[in-house]
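Enquirer: The file below is target.csv, CSV, C-alpha atoms:
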```csv
chain,number,residue,atom,x,y,z
A,1,MET,CA,13.8,-17.3,29.7
A,2,THR,CA,16.3,-17.7,26.9
A,3,THR,CA,14.4,-20.7,25.6
A,4,ILE,CA,11.2,-18.6,25.3
A,5,PHE,CA,13.1,-15.9,23.5
A,6,PHE,CA,14.6,-18.5,21.1
A,7,LEU,CA,11.3,-20.2,20.4
A,8,ILE,CA,9.6,-16.9,19.5
A,9,ALA,CA,12.5,-15.9,17.3
A,10,THR,CA,12.2,-19.3,15.5
A,11,VAL,CA,8.5,-18.8,14.9
A,12,TYR,CA,9.2,-15.3,13.5
A,13,LEU,CA,11.9,-16.7,11.2
A,14,CYS,CA,9.6,-19.4,9.9
A,15,PHE,CA,6.9,-16.8,9.2
A,16,THR,CA,9.3,-14.7,7.1
A,17,LEU,CA,10.4,-17.8,5.1
A,18,THR,CA,6.8,-18.6,4.5
A,19,LEU,CA,6.2,-15.2,3.1
A,20,LEU,CA,9.2,-15.7,0.8
A,21,TYR,CA,7.8,-19.0,-0.4
A,22,PHE,CA,4.5,-17.6,-1.3
A,23,TRP,CA,6.1,-14.6,-3.0
A,24,PHE,CA,7.9,-17.0,-5.3
A,25,GLU,CA,4.5,-18.7,-6.0
A,26,ILE,CA,3.0,-15.6,-7.6
A,27,ILE,CA,3.4,-15.6,-11.3
A,28,SER,CA,4.6,-12.3,-12.9
A,29,PHE,CA,2.3,-10.8,-15.5
A,30,SER,CA,3.1,-8.6,-18.5
A,31,PRO,CA,0.7,-7.2,-21.1
A,32,SER,CA,0.7,-8.8,-24.5
A,33,THR,CA,1.4,-6.8,-27.6
A,34,LYS,CA,-1.7,-8.2,-29.3
A,35,SER,CA,-4.8,-8.8,-27.3
A,36,ASP,CA,-8.3,-9.8,-28.0
A,37,GLU,CA,-9.6,-9.2,-24.5
A,38,ARG,CA,-12.7,-7.3,-23.9
A,39,LEU,CA,-11.9,-3.6,-23.3
A,40,LEU,CA,-13.4,-2.2,-20.1
A,41,LYS,CA,-14.6,1.3,-19.5
A,42,LEU,CA,-12.6,2.7,-16.6
A,43,SER,CA,-13.1,5.5,-14.2
A,44,VAL,CA,-9.8,6.7,-12.6
A,45,VAL,CA,-10.4,8.2,-9.2
A,46,ILE,CA,-7.8,10.6,-7.6
A,47,PRO,CA,-8.7,12.1,-4.2
A,48,VAL,CA,-6.4,15.1,-3.6
A,49,ARG,CA,-5.7,17.7,-1.0
A,50,ASN,CA,-2.9,20.2,-1.5
A,51,GLU,CA,-1.2,18.4,-4.4
A,52,ALA,CA,-0.3,21.3,-6.5
A,53,ALA,CA,3.3,20.1,-6.7
A,54,ASN,CA,2.4,16.7,-8.0
A,55,ILE,CA,-1.0,16.4,-9.6
A,56,ILE,CA,-0.1,17.7,-13.1
A,57,ASP,CA,2.7,15.1,-13.5
A,58,LEU,CA,0.2,12.3,-12.7
A,59,LEU,CA,-2.4,13.7,-15.2
A,60,LYS,CA,0.3,13.8,-17.8
A,61,ASP,CA,1.1,10.2,-17.1
A,62,LEU,CA,-2.6,9.3,-17.5
A,63,GLU,CA,-2.8,11.3,-20.8
A,64,ALA,CA,0.1,9.3,-22.1
A,65,GLN,CA,-1.5,5.9,-21.4
A,66,SER,CA,-1.4,3.2,-24.1
A,67,TYR,CA,-5.0,2.4,-23.2
A,68,PRO,CA,-7.5,4.1,-25.5
A,69,SER,CA,-8.4,7.5,-24.1
A,70,HIS,CA,-12.1,7.2,-25.0
A,71,LEU,CA,-12.3,4.2,-22.7
A,72,PHE,CA,-11.4,6.0,-19.5
A,73,GLU,CA,-12.4,9.1,-17.6
A,74,ILE,CA,-10.6,10.8,-14.8
A,75,PHE,CA,-12.1,12.2,-11.6
A,76,VAL,CA,-10.0,14.5,-9.4
A,77,VAL,CA,-11.8,15.0,-6.2
A,78,ASP,CA,-10.5,18.1,-4.4
A,79,ASP,CA,-10.8,17.9,-0.6
A,80,ALA,CA,-10.7,21.6,0.2
A,81,SER,CA,-7.2,22.2,-1.0
A,82,THR,CA,-5.7,25.5,0.2
A,83,ASP,CA,-3.1,25.7,-2.6
A,84,SER,CA,-3.5,25.9,-6.4
A,85,THR,CA,-4.5,22.3,-6.9
A,86,ALA,CA,-8.0,23.0,-8.2
A,87,LYS,CA,-6.8,25.8,-10.5
A,88,LEU,CA,-4.1,23.6,-12.0
A,89,VAL,CA,-6.4,20.7,-12.6
A,90,THR,CA,-9.0,22.9,-14.3
A,91,ALA,CA,-6.5,24.5,-16.6
A,92,PHE,CA,-5.0,21.1,-17.6
A,93,ALA,CA,-8.5,19.6,-18.2
A,94,ASN,CA,-9.4,22.3,-20.6
A,95,SER,CA,-6.6,21.4,-22.9
A,96,SER,CA,-6.3,17.7,-22.3
A,97,SER,CA,-7.1,14.9,-24.8
A,98,CYS,CA,-8.6,13.0,-21.8
A,99,LYS,CA,-11.9,13.4,-20.1
A,100,ILE,CA,-11.0,15.0,-16.8
A,101,LYS,CA,-13.5,16.2,-14.2
A,102,LEU,CA,-12.7,18.2,-11.1
A,103,ILE,CA,-15.1,17.5,-8.2
A,104,PRO,CA,-15.1,19.7,-5.1
A,105,LEU,CA,-15.7,17.8,-1.9
A,106,ASP,CA,-17.9,19.1,0.9
A,107,ALA,CA,-16.5,16.8,3.5
A,108,LYS,CA,-18.9,15.7,6.3
A,109,PRO,CA,-17.4,15.1,9.8
A,110,ASN,CA,-18.9,11.6,10.3
A,111,MET,CA,-16.9,10.0,7.5
A,112,ALA,CA,-13.2,10.1,6.6
A,113,SER,CA,-12.7,12.6,3.8
A,114,LYS,CA,-10.8,10.3,1.5
A,115,LYS,CA,-13.5,7.7,1.6
A,116,GLN,CA,-16.1,10.4,1.0
A,117,ALA,CA,-14.1,11.6,-2.0
A,118,ILE,CA,-13.9,8.1,-3.5
A,119,THR,CA,-17.6,7.4,-2.8
A,120,LEU,CA,-18.6,10.7,-4.4
A,121,ALA,CA,-16.5,10.0,-7.6
A,122,ILE,CA,-17.9,6.5,-7.9
A,123,SER,CA,-21.4,7.9,-7.7
A,124,GLN,CA,-20.7,9.9,-10.8
A,125,ALA,CA,-18.5,7.3,-12.6
A,126,THR,CA,-19.7,5.8,-15.8
A,127,GLY,CA,-17.0,3.2,-16.0
A,128,ASP,CA,-17.4,-0.5,-15.3
A,129,TRP,CA,-14.2,-0.5,-13.2
A,130,ILE,CA,-12.8,2.0,-10.7
A,131,VAL,CA,-9.1,2.6,-10.8
A,132,ALA,CA,-7.7,4.4,-7.8
A,133,THR,CA,-4.4,6.2,-7.1
A,134,ASP,CA,-3.1,9.2,-5.2
A,135,GLY,CA,-2.3,12.7,-6.3
A,136,ASP,CA,1.4,12.4,-5.5
A,137,CYS,CA,2.0,9.3,-7.6
A,138,ARG,CA,3.5,8.5,-11.0
A,139,VAL,CA,2.3,5.7,-13.3
A,140,GLY,CA,3.8,4.0,-16.4
A,141,LYS,CA,2.2,4.3,-19.8
A,142,LYS,CA,0.9,0.7,-19.7
A,143,TRP,CA,-0.6,0.9,-16.2
A,144,LEU,CA,-4.3,0.8,-17.3
A,145,GLU,CA,-3.7,-1.6,-20.2
A,146,THR,CA,-2.0,-4.0,-17.8
A,147,MET,CA,-4.8,-3.8,-15.3
A,148,VAL,CA,-7.4,-4.6,-17.9
A,149,GLN,CA,-5.5,-7.5,-19.5
A,150,PHE,CA,-4.9,-9.0,-16.0
A,151,GLN,CA,-8.5,-8.7,-15.2
A,152,TRP,CA,-9.5,-10.5,-18.4
A,153,HIS,CA,-7.1,-13.4,-17.6
A,154,THR,CA,-8.0,-13.8,-13.9
A,155,LYS,CA,-11.6,-12.7,-13.9
A,156,ALA,CA,-10.8,-10.8,-10.7
A,157,ARG,CA,-13.1,-8.2,-9.2
A,158,PHE,CA,-10.5,-6.5,-7.0
A,159,ILE,CA,-6.9,-6.0,-8.1
A,160,PHE,CA,-4.0,-4.4,-6.2
A,161,GLY,CA,-0.5,-3.7,-7.5
A,162,GLY,CA,2.9,-2.7,-6.2
A,163,VAL,CA,3.9,0.7,-4.9
A,164,SER,CA,7.4,1.9,-4.6
A,165,PHE,CA,9.5,5.1,-4.3
A,166,TYR,CA,11.7,6.9,-6.9
A,167,ASN,CA,14.5,9.4,-6.7
A,168,GLU,CA,15.5,8.4,-3.2
A,169,ASN,CA,18.5,10.4,-2.0
A,170,SER,CA,19.0,10.3,1.8
A,171,LEU,CA,19.4,7.5,4.2
A,172,PHE,CA,15.9,8.2,5.5
A,173,GLU,CA,14.4,7.8,2.1
A,174,HIS,CA,16.3,4.6,1.3
A,175,LEU,CA,15.1,3.1,4.6
A,176,GLN,CA,11.5,3.8,3.6
A,177,THR,CA,12.1,2.0,0.3
A,178,ILE,CA,13.2,-1.1,2.2
A,179,GLU,CA,10.2,-0.9,4.5
A,180,PHE,CA,7.8,-0.4,1.6
A,181,ALA,CA,9.2,-3.4,-0.2
A,182,ALA,CA,8.5,-5.5,2.9
A,183,LEU,CA,4.9,-4.2,3.0
A,184,THR,CA,4.3,-4.9,-0.7
A,185,GLY,CA,5.8,-8.4,-0.5
A,186,SER,CA,3.9,-9.2,2.7
A,187,GLY,CA,0.5,-8.1,1.3
A,188,ALA,CA,1.0,-10.1,-1.9
A,189,ALA,CA,2.4,-13.2,-0.2
A,190,SER,CA,-0.3,-13.3,2.4
A,191,LEU,CA,-3.0,-13.1,-0.2
A,192,GLN,CA,-1.3,-15.9,-2.2
A,193,ALA,CA,-1.5,-17.9,1.0
A,194,GLN,CA,-5.3,-17.0,1.2
A,195,PHE,CA,-4.8,-14.9,4.3
A,196,PRO,CA,-5.0,-11.3,2.9
A,197,THR,CA,-3.6,-8.6,5.1
A,198,MET,CA,-2.7,-5.3,3.3
A,199,CYS,CA,-2.7,-3.5,0.0
A,200,ASN,CA,-2.1,0.1,-1.0
A,201,GLY,CA,-4.8,2.6,-2.1
A,202,ALA,CA,-2.3,4.2,-4.5
A,203,ASN,CA,-2.7,1.2,-6.9
A,204,LEU,CA,-6.1,-0.4,-6.9
A,205,ALA,CA,-8.7,-1.4,-9.4
A,206,TYR,CA,-12.1,-2.9,-8.6
A,207,GLU,CA,-15.4,-3.5,-10.3
A,208,LYS,CA,-17.9,-0.8,-9.6
A,209,LYS,CA,-20.6,-3.4,-9.0
A,210,VAL,CA,-18.6,-5.3,-6.4
A,211,PHE,CA,-18.0,-2.0,-4.5
A,212,GLU,CA,-21.8,-1.5,-4.4
A,213,LEU,CA,-22.3,-5.2,-3.5
A,214,VAL,CA,-20.3,-4.9,-0.3
A,215,ASN,CA,-21.8,-1.4,0.4
A,216,GLY,CA,-18.5,0.4,-0.1
A,217,PHE,CA,-17.0,1.7,3.1
A,218,GLU,CA,-20.0,1.0,5.2
A,219,GLY,CA,-18.8,-0.1,8.7
A,220,ASN,CA,-15.4,1.6,8.5
A,221,SER,CA,-16.3,5.0,7.0
A,222,HIS,CA,-15.2,6.9,10.2
A,223,ILE,CA,-11.7,5.5,10.2
A,224,PRO,CA,-9.2,8.0,8.5
A,225,SER,CA,-7.3,5.2,6.7
A,226,GLY,CA,-8.4,1.9,5.2
A,227,ASP,CA,-10.0,2.8,1.9
A,228,ASP,CA,-7.9,0.0,0.5
A,229,GLU,CA,-7.6,-2.8,3.0
A,230,PHE,CA,-11.0,-2.8,4.6
A,231,LEU,CA,-12.6,-2.9,1.1
A,232,MET,CA,-10.3,-5.7,0.0
A,233,HIS,CA,-11.3,-7.8,3.1
A,234,LYS,CA,-15.0,-7.3,2.5
A,235,ILE,CA,-14.7,-8.4,-1.1
A,236,PHE,CA,-12.5,-11.4,-0.2
A,237,LEU,CA,-15.1,-12.6,2.3
A,238,GLN,CA,-17.7,-12.5,-0.6
A,239,ASN,CA,-15.4,-14.7,-2.8
A,240,LYS,CA,-11.7,-15.4,-2.3
A,241,ALA,CA,-11.0,-15.7,-6.0
A,242,ASP,CA,-12.2,-12.1,-6.7
A,243,VAL,CA,-9.1,-10.6,-5.0
A,244,GLN,CA,-5.8,-10.8,-6.9
A,245,PHE,CA,-2.4,-9.2,-6.7
A,246,LEU,CA,-1.0,-7.9,-10.0
A,247,LYS,CA,2.8,-8.8,-10.0
A,248,SER,CA,3.8,-6.6,-12.9
A,249,LYS,CA,6.4,-3.9,-13.4
A,250,GLU,CA,4.3,-2.2,-15.9
A,251,ALA,CA,1.5,-1.8,-13.4
A,252,THR,CA,3.7,-0.6,-10.5
A,253,VAL,CA,2.9,2.9,-9.1
A,254,TYR,CA,5.7,5.2,-7.9
A,255,THR,CA,5.7,7.9,-5.3
A,256,THR,CA,8.2,9.9,-3.2
A,257,ALA,CA,9.3,9.0,0.2
A,258,LYS,CA,8.8,11.3,3.2
A,259,THR,CA,11.7,13.7,3.6
A,260,ASN,CA,11.3,14.5,7.3
A,261,TRP,CA,10.4,12.7,10.5
A,262,LYS,CA,7.2,14.6,11.2
A,263,ASP,CA,5.5,13.7,7.9
A,264,PHE,CA,6.7,10.1,8.3
A,265,PHE,CA,5.4,9.9,11.8
A,266,ASN,CA,2.0,11.3,10.8
A,267,GLN,CA,1.7,8.8,7.9
A,268,ARG,CA,2.6,5.8,10.0
A,269,LYS,CA,0.3,6.9,12.8
A,270,ARG,CA,-2.5,7.0,10.3
A,271,TRP,CA,-1.7,3.5,9.1
A,272,ALA,CA,-1.3,2.1,12.6
A,273,GLY,CA,-4.7,3.5,13.5
A,274,LYS,CA,-6.3,0.7,11.3
A,275,TRP,CA,-4.9,-2.1,13.3
A,276,PRO,CA,-7.5,-2.2,16.1
A,277,HIS,CA,-10.4,-2.2,13.6
A,278,TYR,CA,-9.5,-5.3,11.5
A,279,GLN,CA,-12.3,-7.8,11.5
A,280,LEU,CA,-10.6,-10.9,10.0
A,281,PRO,CA,-9.2,-13.0,12.8
A,282,HIS,CA,-6.0,-14.0,10.9
A,283,ILE,CA,-5.0,-10.4,10.5
A,284,LYS,CA,-5.0,-9.9,14.2
A,285,TRP,CA,-3.0,-13.1,14.7
A,286,ILE,CA,-0.4,-12.0,12.1
A,287,ALA,CA,-0.2,-8.5,13.6
A,288,ALA,CA,0.3,-10.0,17.0
A,289,LEU,CA,3.0,-12.3,15.7
A,290,ILE,CA,4.9,-9.4,14.1
A,291,LEU,CA,4.6,-7.3,17.2
A,292,ILE,CA,5.6,-10.1,19.6
A,293,GLY,CA,8.4,-11.1,17.3
A,294,ASN,CA,9.9,-7.6,17.3
A,295,ILE,CA,9.4,-7.0,21.0
A,296,ASN,CA,11.0,-10.3,21.7
A,297,PHE,CA,14.3,-9.2,20.2
A,298,ILE,CA,14.2,-6.0,22.2
A,299,GLY,CA,13.5,-8.0,25.4
A,300,TRP,CA,16.2,-10.5,24.6
A,301,LEU,CA,18.7,-7.7,24.0
A,302,VAL,CA,17.8,-6.1,27.4
A,303,ALA,CA,18.0,-9.5,29.1
A,304,CYS,CA,21.5,-10.1,27.6
A,305,THR,CA,22.6,-6.7,28.7
A,306,ILE,CA,21.4,-7.1,32.3
A,307,GLN,CA,22.4,-10.8,32.8
A,308,GLN,CA,25.5,-10.7,30.7
A,309,SER,CA,24.6,-14.1,29.2
A,310,SER,CA,23.2,-15.8,26.1
A,311,TRP,CA,24.8,-13.3,23.7
A,312,SER,CA,25.9,-15.9,21.3
A,313,LEU,CA,22.4,-17.4,20.9
A,314,PHE,CA,20.9,-14.0,20.6
A,315,ALA,CA,23.4,-13.0,17.9
A,316,ILE,CA,22.8,-16.2,15.9
A,317,SER,CA,19.0,-15.7,16.1
A,318,PHE,CA,19.3,-12.0,15.1
A,319,VAL,CA,21.6,-12.8,12.2
A,320,LEU,CA,19.2,-15.6,10.9
A,321,LYS,CA,16.2,-13.3,11.2
A,322,SER,CA,18.0,-10.5,9.4
A,323,PHE,CA,19.2,-12.9,6.7
A,324,ALA,CA,15.6,-14.2,6.1
A,325,ASP,CA,14.4,-10.6,6.0
A,326,ALA,CA,17.1,-9.7,3.5
A,327,MET,CA,16.3,-12.5,1.2
A,328,PHE,CA,12.6,-11.6,1.2
A,329,ILE,CA,13.1,-7.9,0.7
A,330,LYS,CA,15.8,-8.4,-1.9
A,331,GLN,CA,13.3,-10.2,-4.1
A,332,ILE,CA,10.8,-7.4,-4.1
A,333,VAL,CA,13.4,-4.6,-4.5
A,334,TYR,CA,15.0,-6.5,-7.5
A,335,TRP,CA,11.5,-6.9,-8.9
A,336,TYR,CA,11.2,-3.1,-8.9
A,337,ASP,CA,14.5,-3.0,-10.9
A,338,LYS,CA,16.2,-1.5,-7.9
A,339,LYS,CA,19.3,-2.6,-6.1
A,340,ILE,CA,19.3,-3.2,-2.4
A,341,ILE,CA,21.9,-1.1,-0.6
A,342,TRP,CA,23.2,-3.4,2.1
A,343,LYS,CA,24.4,-0.6,4.5
A,344,TYR,CA,20.9,0.8,4.5
A,345,PHE,CA,19.4,-2.7,5.1
A,346,ILE,CA,21.7,-3.3,8.1
A,347,VAL,CA,20.5,0.0,9.7
A,348,THR,CA,16.9,-1.0,9.1
A,349,ALA,CA,17.5,-4.5,10.6
A,350,PHE,CA,18.6,-2.8,13.9
A,351,LEU,CA,15.9,-0.1,13.9
A,352,TYR,CA,12.9,-2.1,12.8
A,353,PRO,CA,12.0,-3.9,16.1
A,354,PHE,CA,11.9,-0.5,17.9
A,355,TYR,CA,10.0,1.1,15.0
A,356,VAL,CA,7.3,-1.6,14.9
A,357,SER,CA,6.9,-1.7,18.7
A,358,PHE,CA,6.7,2.1,19.0
A,359,PHE,CA,3.9,2.6,16.4
A,360,ALA,CA,2.0,-0.5,17.4
A,361,LEU,CA,1.9,0.3,21.1
A,362,ASN,CA,1.1,4.0,20.5
A,363,SER,CA,-1.5,3.5,17.7
A,364,LYS,CA,-4.3,4.9,19.9
A,365,SER,CA,-2.5,7.2,22.3
A,366,VAL,CA,-1.0,9.9,20.1
A,367,LYS,CA,-2.8,12.5,18.0
A,368,TYR,CA,-1.4,13.4,14.6
A,369,LYS,CA,-1.9,15.6,11.6
A,370,TRP,CA,-2.6,14.6,8.1
A,371,LYS,CA,-2.8,17.0,5.1
A,372,GLY,CA,-3.1,19.9,7.6
A,373,ARG,CA,-5.9,18.3,9.7
A,374,LYS,CA,-5.8,17.0,13.2
A,375,LEU,CA,-6.9,13.4,13.4
```
Translate the structure of the given file into structure tokens.

Expert:
Amino acid sequence: MTTIFFLIATVYLCFTLTLLYFWFEIISFSPSTKSDERLLKLSVVIPVRNEAANIIDLLKDLEAQSYPSHLFEIFVVDDASTDSTAKLVTAFANSSSCKIKLIPLDAKPNMASKKQAITLAISQATGDWIVATDGDCRVGKKWLETMVQFQWHTKARFIFGGVSFYNENSLFEHLQTIEFAALTGSGAASLQAQFPTMCNGANLAYEKKVFELVNGFEGNSHIPSGDDEFLMHKIFLQNKADVQFLKSKEATVYTTAKTNWKDFFNQRKRWAGKWPHYQLPHIKWIAALILIGNINFIGWLVACTIQQSSWSLFAISFVLKSFADAMFIKQIVYWYDKKIIWKYFIVTAFLYPFYVSFFALNSKSVKYKWKGRKL
């Protein structure tokens, strides 16, 4: 049995090192000071529900963009907020130098509300490209400019960038930063290897025509999450070169970590709910590898405890796995101009196998709430 544990651990280690290799293969991109690229007309889409505490900060960030304001419009789609979100957006739009439109959403039960919000905004968009983010995010002043320059250089039709946290204070928040770094790196590296897995809807840009070409969210519109990854997969199947990861600090989007377990649980449950619906075979294989790799360490730990044997081999394997994870995550965290706090990483290394196993095995069995709604 120890041999099986060891072999699975070795495969998992090789997988992590492969991700690290492909992350290094991605070339960083920075916007040039002088550019002759064709400027695109952009439509920024922000679906919101109860974001009164955050939405004005985001709109101020968009108002401060280096990209010409006459070349982008902003759609804030309000999904039946029960706070002052709509009122704040309306007041800000009336005095803003940017074109901002508030759209109320009359959500239908047969389609996820966020996907309805995005689809509604796109139907009214006049831009050549859709740029999507969330109402609780912050963006740098070169966010749109960098997206456009990168599109010109790569001819991509779907672009996703990095997402990280800011103002982390507690251990819980720092642990989420480490996890998010792993998710960002995994999504970027897997795409570089031509096996796309994940991206984040808080930092996306895609051509309006390609959204229409793949029929938008048709086929997955009922799934609460996946406005990002399912769309990416559909476009990738049309043409692999159309999907690109933008490795740029200027194009990174920032948000805040969850401050309590309940919100964290609901968010991760929503994400995990996508796993059974992936259509690309390699995603299921990768998801299975990650799940088996983490369950393997739990099983090995239990076996060592019961049999009182093989502790040395288990310890060596766990240290090697943790070292590979640390090297991978460190690269992404440093790329965000953050420092990895090793005491937090050590805690994450011990908790992660249990965390992954819990959410994967309970992805269908537990109901959860999101933005005040039961899903």

Enquirer: Have a look at atom CA of Trp152 of chain A and atom CA of Tyr67 of chain A and let me know their distance in Å, one decimal.

Expert: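 Going from atom CA of Trp152 of chain A over to atom CA of Tyr67 of chain A, I get 14.5 Å.
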
Enquirer: Might you pull out every residue within 7 Å of segment 13-26 of chain A, with all atoms listed in the file counted and same-chain residues fewer than 6 positions away left off, and present them as an MDAnalysis selection string?

Expert: chainID A and resid 185:186 188:190 192:193 321 324:325 328

Enquirer: Those residues with C-alpha atoms, as a CSV table (one decimal), keeping the file's coordinate frame please?

Expert:
```csv
chain,number,residue,atom,x,y,z
A,185,GLY,CA,5.8,-8.4,-0.5
A,186,SER,CA,3.9,-9.2,2.7
A,188,ALA,CA,1.0,-10.1,-1.9
A,189,ALA,CA,2.4,-13.2,-0.2
A,190,SER,CA,-0.3,-13.3,2.4
A,192,GLN,CA,-1.3,-15.9,-2.2
A,193,ALA,CA,-1.5,-17.9,1.0
A,321,LYS,CA,16.2,-13.3,11.2
A,324,ALA,CA,15.6,-14.2,6.1
A,325,ASP,CA,14.4,-10.6,6.0
A,328,PHE,CA,12.6,-11.6,1.2
```

Enquirer: Just how far from atom CA of Phe211 of chain A is atom CA of Ala287 of chain A, in Å to one decimal?

Expert: 26.2 Å

Enquirer: Between A:Gly127, A:Gly216, A:Pro31, A:Pro109, which one has atoms that come closest to Ile74 of chain A, using all atoms listed in the file?

Expert: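 With all atoms listed in the file as the atom set, the closest residue is A:Gly127.
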
Enquirer: Given only C-alpha atoms, how would the per-residue table for segment 176-247 of chain A near segment 256-268 of chain A read, listing every residue at most 10 Å away with its closest atom pair and distance in Å to one decimal, sorted by chain and number, as a tab-separated table?

Expert:
```
residue	atom	partner	partner_atom	distance
A:Gln176	CA	A:Ala257	CA	6.6
A:Thr177	CA	A:Ala257	CA	7.5
A:Phe180	CA	A:Ala257	CA	9.6
A:Ser225	CA	A:Gln267	CA	9.8
```

Enquirer: Any chance you could export the current selection's C-alpha atoms as a compact mmCIF listing (two decimals), in the coordinates of the input?

Expert:
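Generated file (result_17.txt):
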```
# COMPACT_ATOMS: atom_id res chain seq x y z
CA GLN A 176 11.50 3.80 3.60
CA THR A 177 12.10 2.00 0.30
CA PHE A 180 7.80 -0.40 1.60
CA SER A 225 -7.30 5.20 6.70
```

Enquirer: Between A:Ala64, A:Ala80, A:Ile306, A:Ile178, which one has atoms that come closest to Arg49 of chain A, using all atoms listed in the file?

Expert: A:Ala80
